[in-house]
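Worksheet: one structure, shown below.
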Amino acid sequence: MSFDPNSTATSDGIFGLPFTKEESKLQLIPVPWEVTTSYGDGASRGPGAILRASYQVDLFDIETGDAYMAGYYMEPESAEIAKMGRDLKKKAKVIVQAIEDGREEDAEPKKLQAEINTASNMVNDWVFQKAKAVLDQGAIPAVLGGDHSTPFGLIKAVTEKYNGDVGILHVDAHADLRDAYQGYNHSHASIMHNVMEKIRPKKLVQVGIRDFSPGEYDYIQKNSDRVKTYFDPLTKRRLNKGESWQTICDEIVSHLPKNVHISFDIDGLSPDLCPGTGTPVPGGLSFDQALTLFATVAESGRKIVGLDLTEVAEAESPESDWDGNVGARILFKMCGWAMVTNGFAKKPATV
Ligand SMILES: [Mn+2]
């Protein structure tokens with residue numbers, strides 16, 4: 001394997017890198033799935049949008065150096081999962097209509113919900129097996145969604161590997177702590193509730209949260225020993241009163257155990273950085289604030305043992321690759337820090 005990092009991409013691998021699966025310490029599992037998304041469409045095409053935009057990212061990074069030399073590999077998308085997702089998304093629209101019409105208890109929507117729940121379980125199992133195989137190879141697994149339901153199997157595999165001693169750093173506009181959503185057991189709006197109740201990692205630390213239900217707020221209050229939420233408006237007030245983002249990042253990271261899984265919903269960022277995402281909310285993190293948060297995790301001595309990036313949409317207009325571009329750069333930074341914190345790469349001496 002030889003290539004020139006100074007030239008433009010010559011391989012069609014993620015970030016233009018030519019590594020095989022076997023030689024890669026970071027392996028991406030794309031999950032083109034958004035069956036239960038409630039608002040905008042497009043997250044199922046996120047992995048493709050990120051892949052195309054990834055060729056523009058310059059490989060050397062001032063914070064993580066040539067971490068990519070540890071090898072990044074993205075699996076081809078499963079055509080089977082993409083097709084199953086497309087077919088079920090049509091059926092999900094029938095359910096949404098039934099709910100609007102007050103017919104959600106009818107036999108037809110109930111049957112479709114059951115069908116979607118079965119399919120979601122299948123996708124979770126599929127992701128779990130894939131992630132487990134990556135971990136068994138001594139590499140770091142990552143999921144590229146798709147909607148935010150997609151990393152469930154990944155978080156399960158990572159948490160099992162470390163016997164539960166894992167903290168989830170969850171960046172999102174939404175708390176994703178709903179018990180169930182529109183009759184779905186595994187929807188994007190319930191991912192962290194499912195993670196905390198069915199997988200039970202040690203800690204959930206949420207950042208950027210600005211959209212949640214009273215029930216979700218209640219869940220956060222009742223589980224304050226396991227769930228720490230940084231509500232975006234309150235964090236912004238602290239900044240406005242003169243606290244530094246670095247101070248707040250140090251505090252956020254202090255709640256996490258040694259092993260950290262980063263679950264990054266792109267809508268945690270300010271919506272000008274993800275205009276095509278399904279459920280954008282004003283407010284949120286700047287790009288630089290996200291990078292500082294990652295760097296703080298790494299510099300604290302914690303290890304990034306898994307990561308996912310979800311809800312990146314293919315932009316509305318075919319000429320625009322902005323959503324993919326931002327997504328690719330967030331992904332690249334998370335991958336770089338994962339390599340550095342696992343000892344697969346060294347950061348530049350000057351940083
Ligand atoms: Mn979200």
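In the structure tokens, chains take letters A, B, ... by order of appearance, with residues numbered from 1 within each chain and ligands from 1 in the order shown.
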Mind dumping a table of every range 116-141 of chain A residue within 10 Å of range 302-318 of chain A, with the nearest atom pair and its distance in Å to one decimal, using only C-alpha atoms, sorted by chain and rising number, as a Markdown table?
```
| residue | atom | partner | partner_atom | distance |
| --- | --- | --- | --- | --- |
| A:Ala131 | CA | A:Gly306 | CA | 9.3 |
| A:Leu135 | CA | A:Val305 | CA | 9.4 |
| A:Ala139 | CA | A:Val305 | CA | 9.1 |
| A:Ile140 | CA | A:Gly306 | CA | 5.9 |
| A:Pro141 | CA | A:Gly306 | CA | 5.6 |
```
Compile a residue-level contact table for range 263-313 of chain A against range 235-246 of chain A at a cut-off of 12 Å, reporting for every qualifying residue the shortest atom pair and its distance in Å to one decimal, with only C-alpha atoms counted, rows ordered by chain and ascending number, as JSON lines.
```
{"residue": "A:Gly283", "atom": "CA", "partner": "A:Lys236", "partner_atom": "CA", "distance": 9.0}
{"residue": "A:Gly284", "atom": "CA", "partner": "A:Lys236", "partner_atom": "CA", "distance": 9.0}
{"residue": "A:Leu285", "atom": "CA", "partner": "A:Lys236", "partner_atom": "CA", "distance": 9.5}
{"residue": "A:Ser286", "atom": "CA", "partner": "A:Trp245", "partner_atom": "CA", "distance": 10.9}
{"residue": "A:Asp288", "atom": "CA", "partner": "A:Trp245", "partner_atom": "CA", "distance": 10.1}
{"residue": "A:Gln289", "atom": "CA", "partner": "A:Trp245", "partner_atom": "CA", "distance": 7.2}
{"residue": "A:Ala290", "atom": "CA", "partner": "A:Trp245", "partner_atom": "CA", "distance": 10.2}
{"residue": "A:Leu291", "atom": "CA", "partner": "A:Gln246", "partner_atom": "CA", "distance": 10.9}
{"residue": "A:Thr292", "atom": "CA", "partner": "A:Gln246", "partner_atom": "CA", "distance": 7.2}
{"residue": "A:Leu293", "atom": "CA", "partner": "A:Gln246", "partner_atom": "CA", "distance": 7.9}
{"residue": "A:Phe294", "atom": "CA", "partner": "A:Gln246", "partner_atom": "CA", "distance": 11.1}
{"residue": "A:Ala295", "atom": "CA", "partner": "A:Gln246", "partner_atom": "CA", "distance": 10.0}
{"residue": "A:Thr296", "atom": "CA", "partner": "A:Gln246", "partner_atom": "CA", "distance": 7.9}
{"residue": "A:Val297", "atom": "CA", "partner": "A:Gln246", "partner_atom": "CA", "distance": 11.2}
{"residue": "A:Glu299", "atom": "CA", "partner": "A:Gln246", "partner_atom": "CA", "distance": 11.8}
```
Check: Among range 30-93 of chain A, which residues carry a DSSP assignment of alpha helix (DSSP H), reported as a list of chain:residue names?
Finding: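 Written out, the alpha helix (DSSP H) residues of range 30-93 of chain A are A:Gly46, A:Pro47, A:Gly48, A:Ala49, A:Ile50, A:Leu51, A:Arg52, A:Ala53, A:Ser54, A:Ala79, A:Glu80, A:Ile81, A:Ala82, A:Lys83, A:Met84, A:Gly85, A:Arg86, A:Asp87, A:Leu88, A:Lys89, A:Lys90, A:Lys91, A:Ala92, A:Lys93.
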Item checked: All strand (DSSP E) positions in range 163-330 of chain A, as an NGL selection string -> :A and (167-171 or 203-209 or 227-231 or 259-265 or 303-310)
Next item on the list: Dump the neighbourhood of ligand 1 as a PyMOL selection string: all residues within 6 Å, distances computed on only C-alpha atoms and all ligand atoms.
Entry: chain A and resi 172-174+265+267
Note to self: Please determine, counting only C-alpha atoms, which residue among A:Pro280, A:Thr36, A:Thr118, A:Val326 has the shortest atom-to-atom distance to Ile191 in chain A.
What the structure shows: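 Of A:Pro280, A:Thr36, A:Thr118, A:Val326, the one nearest Ile191 in chain A, counting only C-alpha atoms, is A:Thr36.
Across A:Pro275, A:Gly301, A:Gly336, A:Pro214, the tightest approach to Trp322 in chain A is made by A:Pro275 when counting only C-alpha atoms.
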Note to self: Nearest residue to Asp179 in chain A out of A:Gly42, A:Gly215, A:Gly278, A:Pro5, using only C-alpha atoms?
What the structure shows: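 The answer is A:Gly215, which sits nearest to Asp179 in chain A.
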Next item on the list: Could you give me, as a ChimeraX atom specification, the residues within 9 Å of Ala180 in chain A, counting only C-alpha atoms and dropping anything in the same chain fewer than 3 positions from it?
Entry: /A:177,183-187,189-190,193-194
Next item on the list: Point out the residue among A:Lys161, A:Arg200, A:Lys333, A:Lys347 with the least atom-to-atom distance to Asp58 in chain A, counting only C-alpha atoms.
Entry: A:Lys333
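Of the listed residues (A:Val31, A:Met74, A:Val127, A:Ala157), A:Met74 comes nearest to Gly16 in chain A; the distances count only C-alpha atoms.
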